[in-house]
Amino acid sequence: MTWTSGVGRVCGVLLDAIVRMLALARINPNLLTVMGLVVNTYAAFLFGYATGENQRRMFLYAGLVIIGSGFFDLVDGRVARASNKVSLFGGFFDSVVDRYSDASLFFGLIVYYARGNRFFYVVLTALVMISSIMVSYARARAESLIGTCRVGFLERPERLVLLIIGALFNVMAPVLWVIAVLSTITVIHRIVYTWQRTKEMEASAAGRAA
């Protein structure tokens, strides 16, 4: 066993222990989902509060807070399963709150760039916010038609990792460009994939009717 697999196993055991503890405490999984939103909203506040003098420090703190919010994303579904509280509404609620959580981070960045009179990056961040939400919407709408649509390579975990990198290493501007481009490509990929699948389904249905 390598040291990396050993660390992974220890972390897995620790996470399972935390999940069991939360399940025994009868913590509502939806509450954990809301806590993730609250923590990410605080990170958004740190982004918006940043100025020229404290920008690096505030972005560093925001990056660390986003890492902390990942804990709630990690455990809410596990706690639901461990406490036998998995529900259709829970999955829906988690998805909706995640969209608000993501949007809050980008809104914080919009405030930061607006306070610094950097209009171009206000527009870029708004574009990133829209394209990120459309990645999730495109999948949800496609899956209501064709069953599954897991194509594309920039989903929520990848976006959050990029935001964390941008905040911790003070490279947010290039990170926003990367998210804007890759999110748009992912949406286009899902549109094309859904078009192909719907054409196949329509052709199959027409063949059965003939």
# chains A, B, ... in the order shown; residues from 1 in each chain; ligands from 1

$ residues_around --residues "range 21-37 of chain A" --least-positions-apart "4" --cutoff "8 Å" --atoms "only C-alpha atoms" --output "PDB file with N, CA and C atoms, in the first residue's frame"
ATOM      1  N   ALA A  17     -16.934   8.100   9.596  1.00  0.00           N
ATOM      2  CA  ALA A  17     -17.237   8.319  11.014  1.00  0.00           C
ATOM      3  C   ALA A  17     -18.055   9.597  11.202  1.00  0.00           C
ATOM      4  N   THR A  41     -21.763  31.673   0.573  1.00  0.00           N
ATOM      5  CA  THR A  41     -22.171  33.080   0.575  1.00  0.00           C
ATOM      6  C   THR A  41     -21.165  33.926   1.343  1.00  0.00           C
ATOM      7  N   SER A  69     -16.587  24.704   2.375  1.00  0.00           N
ATOM      8  CA  SER A  69     -17.967  24.440   1.960  1.00  0.00           C
ATOM      9  C   SER A  69     -18.082  23.093   1.261  1.00  0.00           C
ATOM     10  N   GLY A  70     -16.965  22.618   0.690  1.00  0.00           N
ATOM     11  CA  GLY A  70     -16.980  21.320   0.030  1.00  0.00           C
ATOM     12  C   GLY A  70     -17.335  20.196   0.984  1.00  0.00           C
ATOM     13  N   PHE A  71     -17.067  20.394   2.286  1.00  0.00           N
ATOM     14  CA  PHE A  71     -17.416  19.380   3.278  1.00  0.00           C
ATOM     15  C   PHE A  71     -18.913  19.086   3.252  1.00  0.00           C
ATOM     16  N   PHE A  72     -19.721  20.152   3.176  1.00  0.00           N
ATOM     17  CA  PHE A  72     -21.171  19.964   3.188  1.00  0.00           C
ATOM     18  C   PHE A  72     -21.652  19.295   1.902  1.00  0.00           C
ATOM     19  N   ASP A  73     -21.020  19.642   0.773  1.00  0.00           N
ATOM     20  CA  ASP A  73     -21.348  18.959  -0.479  1.00  0.00           C
ATOM     21  C   ASP A  73     -21.009  17.477  -0.407  1.00  0.00           C
ATOM     22  N   VAL A  75     -20.944  15.540   2.359  1.00  0.00           N
ATOM     23  CA  VAL A  75     -21.633  14.707   3.350  1.00  0.00           C
ATOM     24  C   VAL A  75     -23.148  14.719   3.248  1.00  0.00           C
ATOM     25  N   ASP A  76     -23.761  15.724   2.589  1.00  0.00           N
ATOM     26  CA  ASP A  76     -25.222  15.784   2.651  1.00  0.00           C
ATOM     27  C   ASP A  76     -25.881  14.541   2.041  1.00  0.00           C
ATOM     28  N   GLY A  77     -25.407  14.130   0.868  1.00  0.00           N
ATOM     29  CA  GLY A  77     -25.977  12.923   0.255  1.00  0.00           C
ATOM     30  C   GLY A  77     -25.660  11.669   1.046  1.00  0.00           C
ATOM     31  N   VAL A  79     -25.132  11.456   4.285  1.00  0.00           N
ATOM     32  CA  VAL A  79     -25.955  11.444   5.495  1.00  0.00           C
ATOM     33  C   VAL A  79     -27.382  11.024   5.158  1.00  0.00           C
ATOM     34  N   ALA A  80     -27.890  11.492   4.024  1.00  0.00           N
ATOM     35  CA  ALA A  80     -29.243  11.102   3.610  1.00  0.00           C
ATOM     36  C   ALA A  80     -29.342   9.586   3.450  1.00  0.00           C
ATOM     37  N   ALA A  82     -27.247   7.310   4.825  1.00  0.00           N
ATOM     38  CA  ALA A  82     -26.969   6.633   6.096  1.00  0.00           C
ATOM     39  C   ALA A  82     -28.166   6.697   7.034  1.00  0.00           C
ATOM     40  N   SER A  83     -28.951   7.768   6.954  1.00  0.00           N
ATOM     41  CA  SER A  83     -30.102   7.921   7.847  1.00  0.00           C
ATOM     42  C   SER A  83     -31.410   7.527   7.164  1.00  0.00           C
ATOM     43  N   LYS A  85     -32.862   8.786   4.584  1.00  0.00           N
ATOM     44  CA  LYS A  85     -33.695   9.959   4.298  1.00  0.00           C
ATOM     45  C   LYS A  85     -33.558  10.407   2.847  1.00  0.00           C
ATOM     46  N   GLY A  90     -35.232  15.743  -1.919  1.00  0.00           N
ATOM     47  CA  GLY A  90     -33.882  16.044  -1.449  1.00  0.00           C
ATOM     48  C   GLY A  90     -32.916  16.261  -2.594  1.00  0.00           C
ATOM     49  N   PHE A  93     -33.854  19.590  -4.200  1.00  0.00           N
ATOM     50  CA  PHE A  93     -33.460  20.704  -3.334  1.00  0.00           C
ATOM     51  C   PHE A  93     -31.956  20.928  -3.390  1.00  0.00           C
ATOM     52  N   ASP A  94     -31.191  19.859  -3.380  1.00  0.00           N
ATOM     53  CA  ASP A  94     -29.734  19.953  -3.442  1.00  0.00           C
ATOM     54  C   ASP A  94     -29.291  20.642  -4.737  1.00  0.00           C
ATOM     55  N   VAL A  97     -30.232  24.480  -4.592  1.00  0.00           N
ATOM     56  CA  VAL A  97     -29.363  25.224  -3.676  1.00  0.00           C
ATOM     57  C   VAL A  97     -27.951  25.330  -4.234  1.00  0.00           C
ATOM     58  N   ASP A  98     -27.476  24.283  -4.893  1.00  0.00           N
ATOM     59  CA  ASP A  98     -26.146  24.331  -5.511  1.00  0.00           C
ATOM     60  C   ASP A  98     -26.060  25.454  -6.545  1.00  0.00           C
ATOM     61  N   TYR A 100     -27.768  28.297  -6.539  1.00  0.00           N
ATOM     62  CA  TYR A 100     -27.663  29.545  -5.784  1.00  0.00           C
ATOM     63  C   TYR A 100     -26.262  29.696  -5.193  1.00  0.00           C
ATOM     64  N   SER A 101     -25.711  28.608  -4.710  1.00  0.00           N
ATOM     65  CA  SER A 101     -24.388  28.631  -4.102  1.00  0.00           C
ATOM     66  C   SER A 101     -23.334  29.059  -5.111  1.00  0.00           C
TER      67      SER A 101
END

$ atom_distance --atom1 "CA of Arg141 in chain A" --atom2 "CA of Asn40 in chain A"
25.8 Å

$ closest_residue --among "A:Leu154, A:Arg159, A:Val86, A:Ser131" --to "Ile66 in chain A" --atoms "only C-alpha atoms"
A:Arg159

$ closest_residue --among "A:Phe92, A:Tyr49, A:Phe120, A:Tyr42" --to "Ala173 in chain A" --atoms "only C-alpha atoms"
A:Phe120

$ residues_around --residues "Ala142 in chain A" --least-positions-apart "3" --cutoff "12 Å" --atoms "only C-alpha atoms" --output "short mmCIF file (atom, residue, chain, number, x, y, z; two decimals) with N, CA and C atoms, in the first residue's frame"
data_model
loop_
_atom_site.label_atom_id
_atom_site.label_comp_id
_atom_site.auth_asym_id
_atom_site.auth_seq_id
_atom_site.Cartn_x
_atom_site.Cartn_y
_atom_site.Cartn_z
N MET A 134 -26.04 27.39 -17.17
CA MET A 134 -26.56 26.71 -18.36
C MET A 134 -25.99 25.31 -18.51
N VAL A 135 -24.78 25.06 -17.99
CA VAL A 135 -24.23 23.70 -18.01
C VAL A 135 -25.17 22.76 -17.25
N SER A 136 -25.59 23.19 -16.08
CA SER A 136 -26.48 22.36 -15.27
C SER A 136 -27.88 22.29 -15.87
N TYR A 137 -28.37 23.43 -16.38
CA TYR A 137 -29.72 23.43 -16.96
C TYR A 137 -29.78 22.55 -18.20
N ALA A 138 -28.74 22.63 -19.04
CA ALA A 138 -28.73 21.83 -20.27
C ALA A 138 -28.82 20.35 -19.93
N ARG A 139 -28.09 19.92 -18.91
CA ARG A 139 -28.15 18.51 -18.52
C ARG A 139 -29.54 18.14 -17.99
N LEU A 145 -35.68 14.56 -21.46
CA LEU A 145 -36.05 14.10 -22.79
C LEU A 145 -35.43 12.76 -23.16
N ILE A 146 -34.14 12.59 -22.80
CA ILE A 146 -33.41 11.43 -23.32
C ILE A 146 -32.88 10.51 -22.23
N GLY A 147 -33.20 10.77 -20.99
CA GLY A 147 -32.77 9.85 -19.92
C GLY A 147 -31.50 10.28 -19.23
N THR A 148 -30.37 10.28 -19.92
CA THR A 148 -29.10 10.69 -19.33
C THR A 148 -28.35 11.60 -20.31
N CYS A 149 -27.62 12.55 -19.72
CA CYS A 149 -26.79 13.44 -20.54
C CYS A 149 -25.59 13.86 -19.70
N ARG A 150 -24.63 12.97 -19.59
CA ARG A 150 -23.46 13.21 -18.75
C ARG A 150 -22.24 13.61 -19.58
N VAL A 151 -22.46 14.04 -20.81
CA VAL A 151 -21.34 14.45 -21.65
C VAL A 151 -20.85 15.82 -21.20
N VAL A 187 -21.77 23.26 -22.79
CA VAL A 187 -23.17 23.47 -23.15
C VAL A 187 -23.41 23.09 -24.61
N HIS A 189 -21.68 21.02 -26.42
CA HIS A 189 -21.57 19.56 -26.51
C HIS A 189 -22.88 18.89 -26.11
N ARG A 190 -23.49 19.37 -25.05
CA ARG A 190 -24.74 18.77 -24.58
C ARG A 190 -25.89 19.05 -25.53
N ILE A 191 -25.89 20.23 -26.15
CA ILE A 191 -26.92 20.53 -27.14
C ILE A 191 -26.81 19.58 -28.33
N VAL A 192 -25.59 19.42 -28.84
CA VAL A 192 -25.37 18.55 -29.99
C VAL A 192 -25.73 17.10 -29.65
N TYR A 193 -25.28 16.64 -28.46
CA TYR A 193 -25.57 15.27 -28.03
C TYR A 193 -27.07 15.03 -27.92
N THR A 194 -27.77 16.00 -27.33
CA THR A 194 -29.22 15.86 -27.16
C THR A 194 -29.92 15.88 -28.52
N TRP A 195 -29.46 16.71 -29.43
CA TRP A 195 -30.03 16.75 -30.78
C TRP A 195 -29.86 15.40 -31.48
N GLN A 196 -28.67 14.81 -31.33
CA GLN A 196 -28.43 13.51 -31.95
C GLN A 196 -29.33 12.43 -31.35
N ARG A 197 -29.43 12.43 -30.02
CA ARG A 197 -30.25 11.42 -29.36
C ARG A 197 -31.73 11.57 -29.68
N THR A 198 -32.23 12.79 -29.71
CA THR A 198 -33.64 13.00 -30.02
C THR A 198 -33.96 12.60 -31.46
#

$ atom_distance --atom1 "CA of Met172 in chain A" --atom2 "CA of Val38 in chain A"
22.0 Å

$ residues_around --residues "Leu160 in chain A" --least-positions-apart "3" --cutoff "9 Å" --atoms "only C-alpha atoms" --output "PyMOL selection string"
chain A and resi 66-67+70+102+155-157+163-165

$ write_last_selection --atoms "C-alpha atoms" --output "compact mmCIF listing (two decimals), in the first residue's frame"
# COMPACT_ATOMS: atom_id res chain seq x y z
CA ILE A 66 -14.86 27.45 -0.52
CA ILE A 67 -12.74 24.42 0.38
CA GLY A 70 -16.98 21.32 0.03
CA ASP A 102 -22.44 28.85 -7.36
CA GLU A 155 -19.25 20.39 -14.27
CA ARG A 156 -19.65 21.86 -10.79
CA PRO A 157 -16.68 20.12 -9.08
CA LEU A 163 -12.28 29.00 -8.50
CA ILE A 164 -10.28 27.71 -5.54
CA ILE A 165 -7.09 27.81 -7.62

$ closest_residue --among "A:Met58, A:Leu64, A:Glu158, A:Arg20" --to "Arg78 in chain A" --atoms "only C-alpha atoms"
A:Arg20

$ select_by_dssp --residues "chain A" --states "alpha helix (DSSP H)" --output "ChimeraX atom specification"
/A:3-24,29-49,55-82,88-115,119-146,156-168,172-209

$ closest_residue --among "A:Thr51, A:Arg208, A:Ser95, A:Ile188" --to "Asn117 in chain A" --atoms "only C-alpha atoms"
A:Thr51

$ residues_around --residues "Tyr61 in chain A" --least-positions-apart "4" --cutoff "12 Å" --atoms "only C-alpha atoms" --output "MDAnalysis selection string"
chainID A and resid 39:40 42:47 49:50 54:57 65:68 164 166:170

$ write_last_selection --atoms "N, CA and C atoms" --output "compact mmCIF listing (two decimals), in the first residue's frame"
# COMPACT_ATOMS: atom_id res chain seq x y z
N VAL A 39 -22.04 28.97 3.79
CA VAL A 39 -20.58 29.09 3.79
C VAL A 39 -20.09 29.70 2.48
N ASN A 40 -20.64 29.26 1.36
CA ASN A 40 -20.24 29.83 0.07
C ASN A 40 -20.64 31.30 -0.04
N TYR A 42 -20.60 33.37 2.40
CA TYR A 42 -19.55 34.09 3.13
C TYR A 42 -18.32 34.26 2.26
N ALA A 43 -17.97 33.23 1.48
CA ALA A 43 -16.85 33.35 0.55
C ALA A 43 -17.13 34.45 -0.47
N ALA A 44 -18.40 34.54 -0.93
CA ALA A 44 -18.78 35.59 -1.88
C ALA A 44 -18.60 36.96 -1.24
N PHE A 45 -18.95 37.07 0.04
CA PHE A 45 -18.76 38.33 0.76
C PHE A 45 -17.28 38.71 0.80
N LEU A 46 -16.43 37.74 1.03
CA LEU A 46 -14.99 38.01 1.06
C LEU A 46 -14.49 38.50 -0.30
N PHE A 47 -15.00 37.90 -1.38
CA PHE A 47 -14.64 38.38 -2.71
C PHE A 47 -15.07 39.84 -2.89
N TYR A 49 -15.75 42.08 -0.69
CA TYR A 49 -15.14 42.99 0.28
C TYR A 49 -13.70 43.32 -0.08
N ALA A 50 -13.08 42.53 -0.94
CA ALA A 50 -11.66 42.72 -1.27
C ALA A 50 -11.44 44.08 -1.93
N ASN A 54 -6.15 44.78 0.40
CA ASN A 54 -6.31 43.48 1.07
C ASN A 54 -6.77 42.39 0.11
N GLN A 55 -6.69 42.66 -1.19
CA GLN A 55 -7.27 41.74 -2.18
C GLN A 55 -6.68 40.33 -2.08
N ARG A 56 -5.37 40.24 -2.04
CA ARG A 56 -4.74 38.91 -1.98
C ARG A 56 -5.20 38.14 -0.75
N ARG A 57 -5.24 38.83 0.39
CA ARG A 57 -5.61 38.16 1.63
C ARG A 57 -7.07 37.73 1.61
N VAL A 65 -12.42 29.20 2.43
CA VAL A 65 -13.83 29.02 2.80
C VAL A 65 -14.54 28.13 1.79
N ILE A 66 -14.24 28.31 0.50
CA ILE A 66 -14.86 27.45 -0.52
C ILE A 66 -14.45 25.99 -0.30
N ILE A 67 -13.18 25.78 0.06
CA ILE A 67 -12.74 24.42 0.38
C ILE A 67 -13.57 23.87 1.54
N GLY A 68 -13.79 24.71 2.56
CA GLY A 68 -14.59 24.28 3.70
C GLY A 68 -16.02 23.94 3.31
N ILE A 164 -11.19 27.82 -6.69
CA ILE A 164 -10.28 27.71 -5.54
C ILE A 164 -8.85 28.04 -5.97
N GLY A 166 -7.96 29.90 -8.52
CA GLY A 166 -7.91 31.33 -8.80
C GLY A 166 -7.81 32.17 -7.55
N ALA A 167 -8.53 31.77 -6.50
CA ALA A 167 -8.52 32.53 -5.26
C ALA A 167 -7.22 32.33 -4.48
N LEU A 168 -6.78 31.09 -4.35
CA LEU A 168 -5.59 30.82 -3.53
C LEU A 168 -4.32 31.37 -4.16
N PHE A 169 -4.23 31.30 -5.47
CA PHE A 169 -3.00 31.70 -6.16
C PHE A 169 -3.12 33.05 -6.87
N ASN A 170 -4.23 33.75 -6.60
CA ASN A 170 -4.45 35.09 -7.13
C ASN A 170 -4.34 35.13 -8.66

$ atom_distance --atom1 "CA of Ala140 in chain A" --atom2 "CA of Leu105 in chain A"
21.6 Å
